[in-house]
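Notes follow once the structure below has been shown.
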Amino acid sequence: MQNPYLPREAEIVERVQEAPTIFTLKLRFTDPAAQGAYGYVPGQFNMIYLYGIGEVAISIVSDPDETETLDHTIRAVGRVTRALSRLQPGDRIGVRGPYGRGWPLLEAQGKDVALITGGLGCAPLVSVIRYIVARRERFRRLLIMQGVKRSDDLIWHEQYQRWRELPDTQVLLAAEVAEPGWTWHQGLVTALFDRTHIDPGQTIVFLCGPEPMMRASIYELGQRGVADGDIWLSMERNMHCGIGHCGHCMIGAPFVCRNGPVFPYPELKALLGKKGF
Amino acid sequence: MAERRNFLPRSEFPRLLSELISAGYRCIGPRVRDGAIVYEPITGVEDLPQGIHDLQAPGQYGLEQTAEPRFFAWANGPQALRPLTFAGRDKLWTAERKADGSVEFAGESPQAEPVAVIGARACDLAALYIYDRHFMQGEHPDPWYTARRQKLFLIAVHCTHPSLNCFCASTGDGPRASYGYDLALSELDEGFLIEARSEKGERILAGLPVKKASAEQIETADREIEDAGRRQVKGVPSRNLKDVLFARLDHPRWNEVAQRCLSCTNCTLVCPTCFCHSENDVPSLDGSRSEHYREWDSCFTQRHSYIHGITIRPDTRTRYRQWLTHKVGSWHDQFGRSGCVGCGRCITWCPVGIDITEELAAICR
């Protein structure tokens with residue numbers, strides 16, 4: 001019987017410092033067959049293992065058709081991620097995955113797609129942006145709204161600039177605390193709703209970020225007539241196994257690792273924002 | 001039920017063990033250790049807790065010796081089948097760091113020997129059915145659980161001595177074992193009624209010097225099981241409590257029980273359906289190897305819900321509520337039934353005697 005907990009060795013091909021505490025690791029399995037066989041959909045995650053320390057769940061940010069490397073953008077904030085931040089190209093780690101339900105990209109075809117993110121919540125959706133940009137004709141209007149606490153926290157400036165040049169694409173950024181030179185909105189990401197329009201019924205919305213930000217966005221979307229079923233969110237919980245066995249990530253009945261991390265809002269509506277779930 | 005008309009005299013009971021041993025099974029059964037009935041290897045019937053009765057109440061457990069002949073005249077101790085299938089600690093794999101910096105992963109191959117468990121109770125067989133679904137029947141079957149589970153030979157004993165904390169009759173899981181066993185025993189003073197429910201059970205039964213059971217023996221055995229159900233004083237509502245529990249997440253009782261609960265995790269460690277576990281890395285002192293273990297965990301710990309600086313359940317109120325709303329609420333969505341099999345262990349082994357049936361009654365009233 002296959003050991004579902006066993007990682008495979010991967011090499012860090014490149015390390016990019018995105019912000020003082022945020023970095024991207026571009027990985028490649030050391031076994032070429034494993035690299036060739038690996039496939040995923042945007043929104044899924046891997047369990048990343050650091051030798052002698054342990055595993056952590058990290059979403060995949062690369063485009064699934066980009067088969068050279070497998071990219072993970074990580075904030076150095078916990079026991080494993082702080083140690084991961086010290087790794088350099090050539091270092092070896094363990095990877096197992098991909099796990100979970102990704103973003104509903106088939107359902108999004110032919111619709112306006114609104115991506116609303118906060119903080120490093122943009123990472124699980126960058127994979128979606130790259131996916132849509134590479135297949136632009138299959139989707140209608142693309143709206144990207146990203147908010148950060150401090151303007152210095154914003155990563156991927158150049159990408160946002162590039163994406164806003166694309167046809168039928170709107171990029172709106174917000175920072176609660178703006179440093180001099182910040183040309184975007186100062187305030188909460190939810191204030192950006194007044195600077196755009198959303199066609200209810202024509203739009204599918206993907207949310208990722210801190211839960212208060214997602215809840216505030218859901219409220220704004222509801223005010224604009226967007227149906228609950230057109231809203232999807234990516235959740236984050238403590239995970240040890242990644243395959244629905246260990247019990248850490250449950251939000252009521254759903255296991256975030258197995259039934260999510262991407263959920264249609266109606267599946268979480270009853271417990272989202274309930275302290276303790 | 002013709003298959004239940006087999007009677008094995010008490011004097012021939014050792015033959016059951018010798019048949020199992022000669023069929024290649026290691027026998028595990030109840031025995032007294034450190035003042036409790038535990039399931040451990042036994043080599044003969046002299047290891048069984050003959051004449052032992054248990055005394056259980058909320059937060060209390062004790063044993064007393066009598067001169068009675070029976071081996072199974074007690075209700076469950078702290079554990080039975082759980083550690084035999086979902087072990088407290090399993091090594092999942094080892095990572096080795098080579099001189100060139102590469103990391104080699106070697107998965108463990110779980111090995112299990114054939115094990116016969118004598119004395120599985122109905123509540124524990126119901127719990128095993130849930131574990132089977134969780135660990136064995138999903139998209140990623142657990143190799144350790146599966147290896148042990150597939151080598152188990154289960155000999156049920158229908159319960160005739162419920163404790164004050166037992167409530168399996170109300171959950172519908174006991175006191176009669178009705179599925180999930182190879183052989184089932186009804187204990188009488190003079191011996192055992194024995195029935196087989198699987199082919200391997202039939203094979204063991206065929207080697208035993210059984211006689212035809214008398215009508216009185218069958219009637220006595222049935223009556224004792226029925227009485228065991230009627231004598232239970234505790235109970236939970238048999239309906240799905242999910243909606244009522246989740247509608248009352250702000251009920252004052254959650255605060256009240258949190259004042260008493262020590263968040264010690266005992267209830268989750270004795271529960272035969274709790275499945276939470278953590279994965280932990282244990283590096284060697286010289287740094288050349290790191291072993292990766294899976295160990296029992298509990299939703300009552302701070303670490304269980306920790307994620308980058310946030311603890312989703314920072315206090316006992318939210319942890320106790322998580323446990324109970326999962327166990328008898330959202331469990332229905334996951335497994336199609338409640339996660340409570342009425343064994344009463346969480347009541348007995350709670351150091352402050354918190355009673356799940358009382359908490360449910362207070363919240364769902």
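Going through the structure tokens in order, the chains are called A, B, and so on, while each chain numbers its residues from 1 and the ligands are numbered from 1 in the order shown.
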Closest-contact table, chain B side, partner chain A, 7 Å, counting only C-alpha atoms, as CSV:
residue,atom,partner,partner_atom,distance
B:Leu92,CA,A:Tyr5,CA,6.9
B:Trp93,CA,A:Leu6,CA,6.5
B:Gly101,CA,A:Arg92,CA,6.9
B:Ser102,CA,A:Arg92,CA,5.8
B:Val103,CA,A:Arg92,CA,6.3
B:Glu104,CA,A:Glu9,CA,7.0
B:Phe105,CA,A:Arg8,CA,6.9
B:Gly107,CA,A:Leu6,CA,6.1
B:Phe135,CA,A:His245,CA,6.9
B:His140,CA,A:Pro4,CA,6.3
B:Pro143,CA,A:Met1,CA,6.1
B:Phe275,CA,A:Cys246,CA,6.8
B:Cys276,CA,A:Cys246,CA,4.8
B:His277,CA,A:Cys246,CA,4.9
B:Ser278,CA,A:His240,CA,6.0
B:Glu279,CA,A:His240,CA,5.8
B:Asn280,CA,A:Gly54,CA,6.6
B:Asp281,CA,A:Gly54,CA,5.5
B:Val282,CA,A:Gly52,CA,6.7
B:Pro283,CA,A:Gly52,CA,5.1
B:Ser290,CA,A:Gly52,CA,5.3
B:His304,CA,A:His248,CA,6.0
B:Ser305,CA,A:Asn238,CA,5.7
B:Tyr306,CA,A:Asn238,CA,6.0
B:Ile307,CA,A:Asn238,CA,5.4
B:His308,CA,A:Gly78,CA,5.4
B:Ile312,CA,A:Gly276,CA,5.3
B:Arg313,CA,A:Gly276,CA,4.6
B:Thr318,CA,A:Gly276,CA,5.2
B:His326,CA,A:Gly252,CA,6.7
B:Ser330,CA,A:Ala253,CA,4.8
B:Trp331,CA,A:Ala253,CA,6.6
B:Asp333,CA,A:Ala253,CA,6.1
B:Gln334,CA,A:Ala253,CA,6.1
Keeping only N, CA and C atoms, write the selected residues to a file as an mmCIF file, in the first residue's frame.
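So part-v1.cif came out as:
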data_model
loop_
_atom_site.group_PDB
_atom_site.id
_atom_site.type_symbol
_atom_site.label_atom_id
_atom_site.label_comp_id
_atom_site.auth_asym_id
_atom_site.auth_seq_id
_atom_site.Cartn_x
_atom_site.Cartn_y
_atom_site.Cartn_z
ATOM 1 N N LEU B 92 6.195 7.244 10.431
ATOM 2 C CA LEU B 92 5.670 7.249 9.063
ATOM 3 C C LEU B 92 6.794 7.159 8.031
ATOM 4 N N TRP B 93 7.903 7.839 8.314
ATOM 5 C CA TRP B 93 9.032 7.795 7.399
ATOM 6 C C TRP B 93 10.269 8.380 8.065
ATOM 7 N N GLY B 101 24.312 17.072 0.707
ATOM 8 C CA GLY B 101 23.191 17.965 0.971
ATOM 9 C C GLY B 101 21.848 17.418 0.527
ATOM 10 N N SER B 102 21.853 16.314 -0.199
ATOM 11 C CA SER B 102 20.571 15.756 -0.649
ATOM 12 C C SER B 102 19.848 15.105 0.536
ATOM 13 N N VAL B 103 18.568 14.981 0.394
ATOM 14 C CA VAL B 103 17.740 14.390 1.451
ATOM 15 C C VAL B 103 17.042 13.169 0.882
ATOM 16 N N GLU B 104 17.228 12.044 1.547
ATOM 17 C CA GLU B 104 16.598 10.806 1.075
ATOM 18 C C GLU B 104 15.451 10.439 1.993
ATOM 19 N N PHE B 105 14.314 10.136 1.401
ATOM 20 C CA PHE B 105 13.144 9.767 2.199
ATOM 21 C C PHE B 105 12.908 8.270 2.095
ATOM 22 N N GLY B 107 10.146 5.483 3.323
ATOM 23 C CA GLY B 107 8.873 5.218 3.980
ATOM 24 C C GLY B 107 8.948 3.945 4.787
ATOM 25 N N PHE B 135 -10.076 5.941 8.348
ATOM 26 C CA PHE B 135 -8.673 5.659 8.038
ATOM 27 C C PHE B 135 -8.484 4.756 6.819
ATOM 28 N N HIS B 140 -7.210 8.309 0.560
ATOM 29 C CA HIS B 140 -5.831 7.987 0.950
ATOM 30 C C HIS B 140 -5.851 7.025 2.134
ATOM 31 N N PRO B 143 -1.890 3.261 5.685
ATOM 32 C CA PRO B 143 -1.300 1.914 5.635
ATOM 33 C C PRO B 143 -1.154 1.266 7.008
ATOM 34 N N PHE B 275 -10.099 10.796 16.374
ATOM 35 C CA PHE B 275 -9.047 10.379 15.447
ATOM 36 C C PHE B 275 -7.940 11.430 15.288
ATOM 37 N N CYS B 276 -8.019 12.559 15.989
ATOM 38 C CA CYS B 276 -7.027 13.619 15.771
ATOM 39 C C CYS B 276 -5.621 13.127 16.100
ATOM 40 N N HIS B 277 -4.702 13.538 15.258
ATOM 41 C CA HIS B 277 -3.295 13.220 15.519
ATOM 42 C C HIS B 277 -2.422 14.321 14.940
ATOM 43 N N SER B 278 -1.210 14.390 15.462
ATOM 44 C CA SER B 278 -0.252 15.367 14.950
ATOM 45 C C SER B 278 0.875 14.614 14.265
ATOM 46 N N GLU B 279 1.612 15.323 13.416
ATOM 47 C CA GLU B 279 2.818 14.748 12.832
ATOM 48 C C GLU B 279 4.005 15.530 13.365
ATOM 49 N N ASN B 280 5.008 14.812 13.827
ATOM 50 C CA ASN B 280 6.146 15.443 14.475
ATOM 51 C C ASN B 280 7.455 14.867 13.970
ATOM 52 N N ASP B 281 8.417 15.755 13.781
ATOM 53 C CA ASP B 281 9.742 15.349 13.321
ATOM 54 C C ASP B 281 10.681 15.216 14.520
ATOM 55 N N VAL B 282 11.429 14.130 14.561
ATOM 56 C CA VAL B 282 12.378 13.919 15.650
ATOM 57 C C VAL B 282 13.761 13.691 15.048
ATOM 58 N N PRO B 283 14.580 14.767 14.989
ATOM 59 C CA PRO B 283 15.914 14.602 14.397
ATOM 60 C C PRO B 283 16.869 13.886 15.356
ATOM 61 N N SER B 290 16.266 12.219 10.421
ATOM 62 C CA SER B 290 15.128 12.775 11.131
ATOM 63 C C SER B 290 13.956 11.826 10.925
ATOM 64 N N HIS B 304 -3.465 22.658 18.804
ATOM 65 C CA HIS B 304 -4.306 21.985 17.812
ATOM 66 C C HIS B 304 -4.821 22.934 16.743
ATOM 67 N N SER B 305 -5.168 24.156 17.147
ATOM 68 C CA SER B 305 -5.778 25.085 16.186
ATOM 69 C C SER B 305 -4.870 26.263 15.877
ATOM 70 N N TYR B 306 -3.588 26.144 16.215
ATOM 71 C CA TYR B 306 -2.660 27.265 16.037
ATOM 72 C C TYR B 306 -2.297 27.448 14.568
ATOM 73 N N ILE B 307 -2.349 28.680 14.109
ATOM 74 C CA ILE B 307 -1.851 28.965 12.772
ATOM 75 C C ILE B 307 -1.250 30.357 12.725
ATOM 76 N N HIS B 308 0.002 30.441 12.352
ATOM 77 C CA HIS B 308 0.813 31.663 12.290
ATOM 78 C C HIS B 308 0.318 32.812 13.168
ATOM 79 N N ILE B 312 -7.098 29.549 16.809
ATOM 80 C CA ILE B 312 -8.517 29.599 16.465
ATOM 81 C C ILE B 312 -9.379 29.319 17.704
ATOM 82 N N ARG B 313 -8.918 28.398 18.557
ATOM 83 C CA ARG B 313 -9.657 28.077 19.779
ATOM 84 C C ARG B 313 -8.759 28.374 20.982
ATOM 85 N N THR B 318 -14.234 27.321 23.763
ATOM 86 C CA THR B 318 -14.287 27.009 22.338
ATOM 87 C C THR B 318 -13.764 25.596 22.062
ATOM 88 N N HIS B 326 -18.571 18.659 17.230
ATOM 89 C CA HIS B 326 -18.078 17.711 16.230
ATOM 90 C C HIS B 326 -18.587 16.316 16.530
ATOM 91 N N SER B 330 -21.474 17.773 13.777
ATOM 92 C CA SER B 330 -20.977 17.720 12.398
ATOM 93 C C SER B 330 -20.479 16.324 12.010
ATOM 94 N N TRP B 331 -20.278 15.469 13.012
ATOM 95 C CA TRP B 331 -19.925 14.073 12.732
ATOM 96 C C TRP B 331 -20.938 13.424 11.786
ATOM 97 N N ASP B 333 -22.488 14.734 9.331
ATOM 98 C CA ASP B 333 -22.181 15.078 7.935
ATOM 99 C C ASP B 333 -20.979 14.293 7.426
ATOM 100 N N GLN B 334 -20.045 14.005 8.323
ATOM 101 C CA GLN B 334 -18.817 13.320 7.897
ATOM 102 C C GLN B 334 -19.000 11.811 7.781
#
Do a neighbour search on B:Val236 at 9 Å with only C-alpha atoms, toss out local chain neighbours closer than 6 positions, and write the hits as a list in words.
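In the requested form, the answer reads Phe167, Ser170, Thr171, Gly342, Ile356, Thr357, Glu358, Leu360 and Ala361 of chain B.
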List the spatial neighbours of B:Glu40 as a VMD selection string - criterion: any atom at most 8 Å away, only C-alpha atoms, same-chain residues fewer than 3 positions off excluded.
chain B and resid 28 to 31
Residues as selected, all heavy atoms, written as a CSV table (one decimal), in the first residue's frame, can you do that?
chain,number,residue,atom,x,y,z
B,28,ILE,N,-5.0,-11.1,22.4
B,28,ILE,CA,-5.1,-9.9,23.2
B,28,ILE,C,-6.5,-9.9,23.9
B,28,ILE,O,-7.5,-10.2,23.3
B,28,ILE,CB,-4.9,-8.6,22.4
B,28,ILE,CG1,-3.4,-8.6,22.0
B,28,ILE,CG2,-5.3,-7.4,23.2
B,28,ILE,CD1,-2.9,-7.3,21.4
B,29,GLY,N,-6.4,-9.7,25.2
B,29,GLY,CA,-7.7,-9.7,25.9
B,29,GLY,C,-7.6,-8.9,27.2
B,29,GLY,O,-6.6,-8.3,27.5
B,30,PRO,N,-8.7,-8.8,27.9
B,30,PRO,CA,-8.7,-8.0,29.1
B,30,PRO,C,-7.9,-8.6,30.2
B,30,PRO,O,-8.0,-9.8,30.4
B,30,PRO,CB,-10.2,-7.9,29.4
B,30,PRO,CG,-10.8,-9.2,28.9
B,30,PRO,CD,-10.0,-9.5,27.6
B,31,ARG,N,-7.2,-7.8,31.0
B,31,ARG,CA,-6.6,-8.3,32.2
B,31,ARG,C,-6.4,-7.1,33.1
B,31,ARG,O,-6.5,-5.9,32.6
B,31,ARG,CB,-5.2,-8.9,31.9
B,31,ARG,CG,-4.2,-8.1,31.1
B,31,ARG,CD,-3.1,-8.9,30.6
B,31,ARG,NE,-2.4,-9.6,31.7
B,31,ARG,CZ,-1.4,-10.4,31.5
B,31,ARG,NH1,-1.0,-10.8,30.3
B,31,ARG,NH2,-0.8,-11.0,32.6
Taking the DSSP assignment computed from this structure's backbone, write out as a ChimeraX atom specification all residues of stretch 72-189 of chain A that belong to strand (DSSP E or B).
/A:72-75,92-99,101,112-118,142-150,169-177,185-186
Restrict the selected residues to N, CA, C and O atoms and save them as a short mmCIF file (atom, residue, chain, number, x, y, z; two decimals), in the first residue's frame.
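Contents of part.cif, as written:
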data_model
loop_
_atom_site.label_atom_id
_atom_site.label_comp_id
_atom_site.auth_asym_id
_atom_site.auth_seq_id
_atom_site.Cartn_x
_atom_site.Cartn_y
_atom_site.Cartn_z
N HIS A 72 6.27 28.53 -4.74
CA HIS A 72 5.55 28.74 -3.48
C HIS A 72 6.00 30.06 -2.89
O HIS A 72 7.19 30.28 -2.70
N THR A 73 5.05 30.95 -2.62
CA THR A 73 5.37 32.23 -1.99
C THR A 73 4.98 32.14 -0.52
O THR A 73 3.85 31.78 -0.19
N ILE A 74 5.92 32.47 0.34
CA ILE A 74 5.82 32.13 1.76
C ILE A 74 6.14 33.35 2.61
O ILE A 74 7.05 34.12 2.29
N ARG A 75 5.39 33.52 3.68
CA ARG A 75 5.73 34.55 4.66
C ARG A 75 6.41 33.89 5.85
O ARG A 75 5.91 32.90 6.39
N ARG A 92 17.90 21.27 -0.49
CA ARG A 92 16.88 20.25 -0.77
C ARG A 92 15.80 20.27 0.33
O ARG A 92 16.13 20.45 1.51
N ILE A 93 14.60 20.07 -0.10
CA ILE A 93 13.48 19.98 0.83
C ILE A 93 12.59 18.82 0.40
O ILE A 93 12.90 18.11 -0.57
N GLY A 94 11.49 18.60 1.10
CA GLY A 94 10.53 17.57 0.72
C GLY A 94 9.22 18.21 0.30
O GLY A 94 8.85 19.26 0.83
N VAL A 95 8.55 17.59 -0.66
CA VAL A 95 7.26 18.10 -1.13
C VAL A 95 6.31 16.92 -1.28
O VAL A 95 6.67 15.88 -1.82
N ARG A 96 5.11 17.07 -0.78
CA ARG A 96 4.05 16.11 -1.16
C ARG A 96 2.78 16.88 -1.46
O ARG A 96 2.50 17.91 -0.85
N GLY A 97 2.03 16.38 -2.42
CA GLY A 97 0.83 17.06 -2.88
C GLY A 97 0.62 16.74 -4.34
O GLY A 97 1.25 15.82 -4.85
N PRO A 98 -0.19 17.50 -5.06
CA PRO A 98 -1.00 18.60 -4.55
C PRO A 98 -2.24 18.07 -3.84
O PRO A 98 -2.70 16.97 -4.12
N TYR A 99 -2.77 18.89 -2.96
CA TYR A 99 -3.94 18.49 -2.18
C TYR A 99 -5.07 19.50 -2.33
O TYR A 99 -4.85 20.69 -2.55
N ARG A 101 -9.17 21.03 -3.05
CA ARG A 101 -9.99 21.53 -4.16
C ARG A 101 -9.47 22.89 -4.58
O ARG A 101 -9.25 23.77 -3.74
N ASP A 112 -17.33 37.32 -15.98
CA ASP A 112 -16.41 38.27 -15.36
C ASP A 112 -15.81 37.56 -14.15
O ASP A 112 -16.52 36.85 -13.42
N VAL A 113 -14.52 37.78 -13.93
CA VAL A 113 -13.86 37.16 -12.78
C VAL A 113 -13.31 38.27 -11.89
O VAL A 113 -12.52 39.10 -12.34
N ALA A 114 -13.76 38.31 -10.64
CA ALA A 114 -13.28 39.31 -9.69
C ALA A 114 -12.43 38.59 -8.64
O ALA A 114 -12.90 37.65 -8.00
N LEU A 115 -11.18 39.01 -8.51
CA LEU A 115 -10.27 38.41 -7.54
C LEU A 115 -9.99 39.43 -6.46
O LEU A 115 -9.42 40.50 -6.73
N ILE A 116 -10.43 39.15 -5.26
CA ILE A 116 -10.31 40.13 -4.17
C ILE A 116 -9.45 39.50 -3.09
O ILE A 116 -9.80 38.46 -2.53
N THR A 117 -8.32 40.15 -2.82
CA THR A 117 -7.35 39.53 -1.92
C THR A 117 -6.82 40.53 -0.92
O THR A 117 -6.85 41.74 -1.14
N GLY A 118 -6.32 40.01 0.19
CA GLY A 118 -5.73 40.85 1.20
C GLY A 118 -4.43 40.25 1.68
O GLY A 118 -4.35 39.03 1.89
N LEU A 142 -11.70 40.95 -16.25
CA LEU A 142 -10.90 40.51 -15.10
C LEU A 142 -10.71 41.69 -14.16
O LEU A 142 -10.18 42.73 -14.56
N LEU A 143 -11.16 41.51 -12.93
CA LEU A 143 -11.02 42.56 -11.92
C LEU A 143 -10.12 42.04 -10.81
O LEU A 143 -10.40 40.99 -10.23
N ILE A 144 -9.05 42.76 -10.54
CA ILE A 144 -8.11 42.35 -9.50
C ILE A 144 -8.10 43.44 -8.44
O ILE A 144 -7.77 44.60 -8.71
N MET A 145 -8.51 43.08 -7.24
CA MET A 145 -8.47 44.03 -6.12
C MET A 145 -7.59 43.44 -5.03
O MET A 145 -7.84 42.33 -4.56
N GLN A 146 -6.54 44.17 -4.64
CA GLN A 146 -5.62 43.65 -3.62
C GLN A 146 -5.38 44.73 -2.59
O GLN A 146 -5.12 45.89 -2.92
N GLY A 147 -5.50 44.34 -1.33
CA GLY A 147 -5.25 45.28 -0.25
C GLY A 147 -4.11 44.79 0.63
O GLY A 147 -3.93 43.59 0.82
N VAL A 148 -3.33 45.74 1.15
CA VAL A 148 -2.27 45.41 2.09
C VAL A 148 -2.37 46.34 3.29
O VAL A 148 -2.99 47.39 3.23
N LYS A 149 -1.74 45.91 4.38
CA LYS A 149 -1.72 46.73 5.59
C LYS A 149 -0.89 47.98 5.32
O LYS A 149 -1.36 49.10 5.40
N ARG A 150 0.38 47.78 4.96
CA ARG A 150 1.28 48.90 4.65
C ARG A 150 1.66 48.81 3.19
O ARG A 150 1.85 47.73 2.65
N THR A 169 -9.22 44.53 -18.35
CA THR A 169 -8.69 44.13 -17.04
C THR A 169 -8.56 45.36 -16.17
O THR A 169 -8.03 46.39 -16.61
N GLN A 170 -9.05 45.29 -14.96
CA GLN A 170 -8.94 46.41 -14.04
C GLN A 170 -8.15 45.96 -12.82
O GLN A 170 -8.43 44.89 -12.25
N VAL A 171 -7.17 46.75 -12.41
CA VAL A 171 -6.38 46.45 -11.22
C VAL A 171 -6.57 47.59 -10.24
O VAL A 171 -6.40 48.76 -10.59
N LEU A 172 -6.98 47.25 -9.03
CA LEU A 172 -7.16 48.25 -7.98
C LEU A 172 -6.40 47.80 -6.75
O LEU A 172 -6.58 46.67 -6.28
N LEU A 173 -5.55 48.67 -6.24
CA LEU A 173 -4.76 48.32 -5.06
C LEU A 173 -5.06 49.30 -3.94
O LEU A 173 -5.39 50.46 -4.18
N ALA A 174 -4.93 48.81 -2.71
CA ALA A 174 -5.18 49.67 -1.55
C ALA A 174 -4.19 49.34 -0.45
O ALA A 174 -3.82 48.18 -0.27
N ALA A 175 -3.77 50.35 0.28
CA ALA A 175 -2.93 50.16 1.45
C ALA A 175 -3.51 50.97 2.59
O ALA A 175 -3.86 52.13 2.42
N GLU A 176 -3.65 50.33 3.75
CA GLU A 176 -4.20 51.06 4.89
C GLU A 176 -3.24 52.16 5.33
O GLU A 176 -3.65 53.25 5.70
N VAL A 177 -1.94 51.83 5.32
CA VAL A 177 -0.92 52.82 5.66
C VAL A 177 -0.06 53.03 4.42
O VAL A 177 0.59 52.09 3.97
N HIS A 185 -5.00 53.61 -3.90
CA HIS A 185 -5.93 54.03 -2.84
C HIS A 185 -5.32 53.85 -1.46
O HIS A 185 -4.61 52.88 -1.20
N GLN A 186 -5.64 54.80 -0.57
CA GLN A 186 -5.26 54.61 0.83
C GLN A 186 -6.51 54.26 1.61
O GLN A 186 -7.47 55.02 1.66
#
Please identify all polymer residues within 9 Å of B:Leu183, counting only C-alpha atoms, omitting same-chain residues fewer than 6 positions from it, and present them as a ChimeraX atom specification.
/B:153-157,194-198,200-202,204-205
Next, the residues of the selection above should be written as an mmCIF file, in the first residue's frame with N, CA and C atoms.
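For reference, result_35.cif as written:
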data_model
loop_
_atom_site.group_PDB
_atom_site.id
_atom_site.type_symbol
_atom_site.label_atom_id
_atom_site.label_comp_id
_atom_site.auth_asym_id
_atom_site.auth_seq_id
_atom_site.Cartn_x
_atom_site.Cartn_y
_atom_site.Cartn_z
ATOM 1 N N PHE B 153 -8.737 -10.456 14.338
ATOM 2 C CA PHE B 153 -9.819 -11.421 14.522
ATOM 3 C C PHE B 153 -10.555 -10.965 15.773
ATOM 4 N N LEU B 154 -11.842 -10.676 15.624
ATOM 5 C CA LEU B 154 -12.559 -10.024 16.721
ATOM 6 C C LEU B 154 -13.572 -10.963 17.355
ATOM 7 N N ILE B 155 -13.400 -11.160 18.654
ATOM 8 C CA ILE B 155 -14.338 -11.988 19.417
ATOM 9 C C ILE B 155 -15.119 -11.061 20.338
ATOM 10 N N ALA B 156 -16.354 -10.844 19.964
ATOM 11 C CA ALA B 156 -17.192 -9.945 20.756
ATOM 12 C C ALA B 156 -17.708 -10.665 21.993
ATOM 13 N N VAL B 157 -17.959 -9.894 23.024
ATOM 14 C CA VAL B 157 -18.688 -10.393 24.183
ATOM 15 C C VAL B 157 -19.868 -9.460 24.386
ATOM 16 N N ILE B 194 -21.836 -19.381 21.844
ATOM 17 C CA ILE B 194 -20.853 -18.874 20.891
ATOM 18 C C ILE B 194 -21.439 -18.898 19.485
ATOM 19 N N GLU B 195 -21.299 -17.818 18.779
ATOM 20 C CA GLU B 195 -21.835 -17.717 17.420
ATOM 21 C C GLU B 195 -20.739 -17.184 16.499
ATOM 22 N N ALA B 196 -20.774 -17.608 15.251
ATOM 23 C CA ALA B 196 -19.791 -17.146 14.268
ATOM 24 C C ALA B 196 -20.481 -16.232 13.280
ATOM 25 N N ARG B 197 -19.733 -15.233 12.768
ATOM 26 C CA ARG B 197 -20.315 -14.308 11.804
ATOM 27 C C ARG B 197 -19.440 -14.121 10.578
ATOM 28 N N SER B 198 -18.344 -14.862 10.517
ATOM 29 C CA SER B 198 -17.476 -14.758 9.350
ATOM 30 C C SER B 198 -16.921 -16.145 9.073
ATOM 31 N N LYS B 200 -13.769 -16.959 8.834
ATOM 32 C CA LYS B 200 -12.666 -17.312 9.742
ATOM 33 C C LYS B 200 -13.198 -17.613 11.135
ATOM 34 N N GLY B 201 -14.311 -16.985 11.495
ATOM 35 C CA GLY B 201 -14.958 -17.319 12.760
ATOM 36 C C GLY B 201 -15.479 -18.756 12.743
ATOM 37 N N GLU B 202 -16.084 -19.136 11.603
ATOM 38 C CA GLU B 202 -16.598 -20.507 11.466
ATOM 39 C C GLU B 202 -15.461 -21.517 11.610
ATOM 40 N N ILE B 204 -12.665 -21.294 13.311
ATOM 41 C CA ILE B 204 -12.259 -21.470 14.713
ATOM 42 C C ILE B 204 -13.350 -22.237 15.466
ATOM 43 N N LEU B 205 -14.584 -21.875 15.209
ATOM 44 C CA LEU B 205 -15.698 -22.520 15.903
ATOM 45 C C LEU B 205 -15.704 -24.025 15.634
#
Any idea what the distance is between atom CA of B:Ala112 and atom CA of B:Ala36?
26.3 Å
